[in-house]
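Remarks on the structure that follows.
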Amino acid sequence: MFNSDAIAYLPLLGTAILATILFIFLAVIKTRKTAKVSYLSFLSVLILIFDCIYTIFNPGISNFVFLLILATAVFIPYLVMLAFGKPKKEVSEEPVDEEIKKPEIIVEDIKPDEVNLIEKGRSFVILASDSFGSKEGMQNLLDSINKTCMEITNADGGAVLMVDDFEDSINVKSFLGVFPPPYKLPAELPHKELRVSTSFKFATFALRDNIFGEIASSGKPEIINSPKDDPRITENGPEDFLKLGSFIFIPIRLRGRGIVIGLIALSKNPGKEFTQKEFDWALTLAGFAESALKTTISFQVYNEKNEISKESKIAENLQNVLLPKKLPPLQGLSFGSFTMHTEGVCSDAFDVLSVRQDRTSVILMDVAGKGTNSFLVMSMLRSMIRLLVNTPQPAGTILSLANREICGEINFEHFASVALINYNDAKKTVQFSSAGTTPVFLYNAQNQTIERKSLASEPLGVEKTTSYKDIQFTVSPGDIIITYTDGLVEALDASGKQYSLNRLLNIVKTNSKSSGKQIADLVKADMKKFVGSELLHDDQTLLAVKIQ
């Protein structure tokens with residue numbers, strides 16, 4: 001049973017389907033040139049289709065009305081041109097010789113086979129809309145494209161392959177019927193029909209050195225009725241089921257962008273050949289398939305981005321919970337900090353703990369990865385370190401114990417750069433340890449110099465047996481301890497120039513008389529000015545600890 005909300009969206013779905021059918025007929029009219037059709041008509045209908053689908057998944061009258069106005073506004077220039085353009089001359093009504101009227105016979109009704117193609121192409125579009133709410137939607141669409149192409153061309157076998165841009169490969173996604181492999185089989189694969197067909201169903205091919213990759217790379221459809229004469233094709237015989245017949249290969253591309261996203265491959269058994277008419281029919285169906293796949297892929301990309309955005313927002317809100325809302329009393333210290341989160345990243349966090357009388361602990365973490373994965377690692381590390389700093393263990397031992405716990409405990413990348421700084425106000429000593437790319441610098445007020453105190457080391461989570469060293473030094477009033485995450489110094493301006501460590505340390509040195517909070521605020525303002533409106537790709541965090 002549908003609830004009332006679901007029923008309310010049925011008119012929108014019906015409108016989207018009708019608009020899609022209108023788009024198909026406009027395409028047929030444009031292709032056959034039976035009437036003039038403006039490209040603005042196509043754009044207006046596409047906006048209407050997108051408007052309906054977007055409103056179904058993102059309810060809101062304002063968005064729907066805005067896109068509806070946009071669809072209407074796009075069509076207005078074409079109507080203005082028709083209304084105020086130069087009038088066409090009226091056709092003379094004088095009697096015409098019967099001989100002259102004969103050319104009108106060329107305007108024929110759509111043939112039955114063409115109507116069949118349109119109906120089958122329409123089914124692709126309907127499947128594409130159905131795929132939005134189904135996990136198997138894309139697979140059902142690919143299988144339907146494959147089966148329909150086989151039926152319309154009388155093929156004995158068919159396959160649909162999709163390009164994987166990240167792997168630089170093309171992979172079989174749908175396989176039906178009998179399709180003798182036109183590529184060299186692996187030497188270790190037995191020449192048994194079931195084994196060969198199973199291998200082909202899950203095959204992956206490079207975009208070169210094989211017929212599938214070559215056709216996809218060239219973007220040109222081909223009909224090959226003499227495969228033995230084509231050097232790109234390999235016959236694996238002598239078994240009968242491996243003997244080659246005739247092939248059709250048609251790339252699937254994104255219209256307007258020229259990007260090949262897949263390939264339709266059809267085969268006929270030896271002794272049969274594809275006709276030019278069958279090849280033309282397959283090309284027409286491929287055009288419908290391209291439109292349907294583009295709609296499905298566009299929705300999938302939108303949906304994935306929407307899900308990632310939701311996940312990142314949840315992780316960001318949880319991350320903010322981990323940041324200290326109120327600092328404990330810090331004996332002998334002036335503390336300053338700032339954290340700027342980048343949407344979808346969620347990698348930085350810091351903590352300040354005064355749990356022992358003999359030390360105040362400052363922790364800075366930068367976790368690799370994005371979203372909830374990095375948040376989980378961050379919360380685990382924070383909990384472990386907060387427990388361990390209550391013990392008399394030094395910083396290096398605490399990091400080593402935390403590293404041993406997270407190594408191999410979770411099944412995704414979980415590297416973390418950490419700086420743990422313990423300060424003893426009575427002795428004016430700093431004892432710290434660091435892991436990964438989180439450095440520790442000291443500004444010496446007496447010499448007015450800045451020195452890096454941390455050593456290079458592996459991040460937490462890389463090797464279970466890694467042992468982290470302790471570094472200790474004394475400080476005096478006016479000295480400043482600086483630690484930060486690499487997202488700060490690697491932030492880019494509009495020209496691609498990095499903010500840089502030198503710029504950061506110059507601000508610290510120039511404003512060394514200021515408090516820790518003032519220094520952190522100055523760095524934050526300077527970095528915002530440097531970056532401007534550029535999009536940042538990593539969190540930025542700075543901790544400034546001034547000795548009083």
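Ligands are numbered from 1 in the order shown, residues from 1 within each chain, and chains are lettered A, B, ... in the order they appear in the structure tokens.
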
Among region 186-276 of chain A, which residues carry a DSSP assignment of helix (DSSP H, G or I), reported as an MDAnalysis selection string? chainID A and resid 193:201 211:218 227:229 240:242 276

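Summary of the local environment: counting only C-alpha atoms, residues at most 9 Å from Ile53 (chain A), other than itself and those fewer than 2 positions away along its chain, are A:Leu12, A:Leu13, A:Ala16, A:Leu48, A:Ile49, A:Phe50, A:Asp51, A:Thr55, A:Ile56, A:Phe57, A:Asn58, A:Ser129.
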
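For the choices A:Ala368, A:Met340, A:Val377, A:Cys149, the atom-to-atom distance to Met527 (chain A) is smallest for A:Met340 when using only C-alpha atoms.
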
Any idea what's packed within 6 Å of Ile170 (chain A), counting only C-alpha atoms, ignoring anything in its chain fewer than 6 positions away? Could you give it as a ChimeraX atom specification? /A:162-164,204-205

With N, CA, C and O atoms retained, export the selected residues as an mmCIF file, in the first residue's frame.
```cif
data_model
loop_
_atom_site.group_PDB
_atom_site.id
_atom_site.type_symbol
_atom_site.label_atom_id
_atom_site.label_comp_id
_atom_site.auth_asym_id
_atom_site.auth_seq_id
_atom_site.Cartn_x
_atom_site.Cartn_y
_atom_site.Cartn_z
ATOM 1 N N MET A 162 31.402 -1.958 -19.312
ATOM 2 C CA MET A 162 31.448 -0.575 -18.837
ATOM 3 C C MET A 162 32.882 -0.189 -18.505
ATOM 4 O O MET A 162 33.656 -0.998 -17.987
ATOM 5 N N VAL A 163 33.228 1.053 -18.825
ATOM 6 C CA VAL A 163 34.585 1.551 -18.615
ATOM 7 C C VAL A 163 34.770 1.949 -17.157
ATOM 8 O O VAL A 163 33.909 2.605 -16.562
ATOM 9 N N ASP A 164 35.888 1.536 -16.574
ATOM 10 C CA ASP A 164 36.276 1.945 -15.225
ATOM 11 C C ASP A 164 37.428 2.930 -15.361
ATOM 12 O O ASP A 164 38.560 2.549 -15.657
ATOM 13 N N THR A 204 37.888 -8.620 -17.206
ATOM 14 C CA THR A 204 38.301 -7.219 -17.237
ATOM 15 C C THR A 204 39.373 -7.063 -18.302
ATOM 16 O O THR A 204 40.314 -7.856 -18.357
ATOM 17 N N PHE A 205 39.247 -6.041 -19.137
ATOM 18 C CA PHE A 205 40.180 -5.842 -20.238
ATOM 19 C C PHE A 205 40.816 -4.458 -20.157
ATOM 20 O O PHE A 205 40.173 -3.486 -19.740
#
```

Using only C-alpha atoms, which residues sit within 8 Å of Leu68 (chain A) once same-chain residues fewer than 2 positions away are excluded, as a PDB file with C-alpha atoms, in the first residue's frame?
```pdb
ATOM      1  CA  ILE A  47      14.764  20.683 -17.289  1.00  0.00           C
ATOM      2  CA  LEU A  48      11.150  19.582 -16.786  1.00  0.00           C
ATOM      3  CA  ASP A  51      12.522  19.092 -12.067  1.00  0.00           C
ATOM      4  CA  PHE A  64       9.921  22.757  -8.185  1.00  0.00           C
ATOM      5  CA  VAL A  65       8.474  26.171  -9.106  1.00  0.00           C
ATOM      6  CA  PHE A  66      11.922  27.650  -9.774  1.00  0.00           C
ATOM      7  CA  LEU A  70      13.396  28.033 -15.813  1.00  0.00           C
ATOM      8  CA  ALA A  71      12.002  25.397 -18.237  1.00  0.00           C
ATOM      9  CA  THR A  72       9.425  27.922 -19.479  1.00  0.00           C
TER      10      THR A  72
END
```

Spatial neighbours of Phe23 (chain A), 7 Å, only C-alpha atoms, chain gap at least 4 places, as a ChimeraX atom specification: /A:19,27,42,45

Generate the output file for the selected residues, N, CA and C atoms, as a JSON list (two decimals), in the first residue's frame.
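The file below, again11.json, is the result:
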```json
[["chain", "number", "residue", "atom", "x", "y", "z"],
["A", 19, "ALA", "N", 7.13, 13.45, -20.20],
["A", 19, "ALA", "CA", 8.13, 14.37, -20.75],
["A", 19, "ALA", "C", 9.26, 13.60, -21.42],
["A", 27, "ALA", "N", 13.44, 13.74, -30.52],
["A", 27, "ALA", "CA", 14.70, 13.24, -31.08],
["A", 27, "ALA", "C", 14.47, 12.55, -32.41],
["A", 42, "PHE", "N", 14.53, 20.77, -26.64],
["A", 42, "PHE", "CA", 15.15, 19.66, -25.91],
["A", 42, "PHE", "C", 15.56, 20.10, -24.50],
["A", 45, "VAL", "N", 12.52, 20.51, -22.15],
["A", 45, "VAL", "CA", 11.96, 19.23, -21.71],
["A", 45, "VAL", "C", 12.88, 18.55, -20.70]]
```

Any idea what's packed within 7 Å of Gln548 (chain A), counting only C-alpha atoms, ignoring anything in its chain fewer than 3 positions away? Could you give it as a PyMOL selection string? chain A and resi 332-334+477-478

Could you turn the residues from that selection into a file that holds N, CA, C and O atoms, as a PDB file, in the first residue's frame?
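Saved file selection-v2.pdb follows:
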```
ATOM      1  N   GLY A 332      50.551  28.254  34.684  1.00  0.00           N
ATOM      2  CA  GLY A 332      51.771  28.717  34.039  1.00  0.00           C
ATOM      3  C   GLY A 332      51.728  28.736  32.527  1.00  0.00           C
ATOM      4  O   GLY A 332      52.777  28.894  31.888  1.00  0.00           O
ATOM      5  N   LEU A 333      50.545  28.595  31.906  1.00  0.00           N
ATOM      6  CA  LEU A 333      50.446  28.545  30.454  1.00  0.00           C
ATOM      7  C   LEU A 333      49.414  29.538  29.931  1.00  0.00           C
ATOM      8  O   LEU A 333      48.391  29.787  30.568  1.00  0.00           O
ATOM      9  N   SER A 334      49.696  30.090  28.751  1.00  0.00           N
ATOM     10  CA  SER A 334      48.726  30.876  27.994  1.00  0.00           C
ATOM     11  C   SER A 334      48.459  30.096  26.702  1.00  0.00           C
ATOM     12  O   SER A 334      49.359  29.949  25.873  1.00  0.00           O
ATOM     13  N   PRO A 477      59.897  31.704  30.874  1.00  0.00           N
ATOM     14  CA  PRO A 477      58.758  32.578  30.567  1.00  0.00           C
ATOM     15  C   PRO A 477      58.967  33.321  29.237  1.00  0.00           C
ATOM     16  O   PRO A 477      60.064  33.823  28.966  1.00  0.00           O
ATOM     17  N   GLY A 478      57.923  33.370  28.438  1.00  0.00           N
ATOM     18  CA  GLY A 478      58.004  34.015  27.129  1.00  0.00           C
ATOM     19  C   GLY A 478      58.224  33.039  25.996  1.00  0.00           C
ATOM     20  O   GLY A 478      57.994  33.377  24.817  1.00  0.00           O
TER      21      GLY A 478
END
```

Could you write out, as a ChimeraX atom specification, all the residues of region 387-441 of chain A that DSSP marks as strand (DSSP E)? /A:416-424,429-435,440-441

Residues from last step as file, C-alpha atoms, as a PDB file, in the first residue's frame:
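Final file, result-v3.pdb:
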```pdb
ATOM      1  CA  ALA A 416      47.230   9.174  12.429  1.00  0.00           C
ATOM      2  CA  SER A 417      49.787  11.898  13.091  1.00  0.00           C
ATOM      3  CA  VAL A 418      49.867  12.829  16.775  1.00  0.00           C
ATOM      4  CA  ALA A 419      51.767  15.191  19.046  1.00  0.00           C
ATOM      5  CA  LEU A 420      51.524  14.627  22.842  1.00  0.00           C
ATOM      6  CA  ILE A 421      53.113  17.403  24.933  1.00  0.00           C
ATOM      7  CA  ASN A 422      53.437  17.131  28.736  1.00  0.00           C
ATOM      8  CA  TYR A 423      54.336  20.335  30.630  1.00  0.00           C
ATOM      9  CA  ASN A 424      55.582  20.477  34.222  1.00  0.00           C
ATOM     10  CA  THR A 429      60.156  21.235  31.633  1.00  0.00           C
ATOM     11  CA  VAL A 430      58.485  20.009  28.462  1.00  0.00           C
ATOM     12  CA  GLN A 431      58.480  16.303  27.710  1.00  0.00           C
ATOM     13  CA  PHE A 432      56.818  15.265  24.428  1.00  0.00           C
ATOM     14  CA  SER A 433      56.634  12.688  21.651  1.00  0.00           C
ATOM     15  CA  SER A 434      55.275  12.947  18.117  1.00  0.00           C
ATOM     16  CA  ALA A 435      54.222  10.572  15.334  1.00  0.00           C
ATOM     17  CA  VAL A 440      56.626  20.580  17.502  1.00  0.00           C
ATOM     18  CA  PHE A 441      58.503  23.924  17.367  1.00  0.00           C
TER      19      PHE A 441
END
```

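Residues in contact with Ala286 (chain A) at 8 Å, where only C-alpha atoms are counted and same-chain residues fewer than 5 positions away are skipped, are listed as Ile250, Ile252 and Ile264 of chain A.
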
Could you write out that same residue set with N, CA and C atoms as a CSV table (one decimal), in the first residue's frame?
```
chain,number,residue,atom,x,y,z
A,250,ILE,N,29.6,-1.6,-30.6
A,250,ILE,CA,29.1,-0.2,-30.6
A,250,ILE,C,29.5,0.5,-29.2
A,252,ILE,N,29.3,3.1,-26.1
A,252,ILE,CA,28.3,3.9,-25.5
A,252,ILE,C,29.0,5.1,-24.9
A,264,ILE,N,28.7,-2.0,-26.3
A,264,ILE,CA,27.7,-3.1,-26.6
A,264,ILE,C,28.4,-4.0,-27.6
```

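In terms of minimum interatomic distance to Thr438 (chain A), A:Tyr484 ranks closest within A:Trp281, A:Tyr484, A:Tyr499, A:Tyr54, counting only C-alpha atoms.
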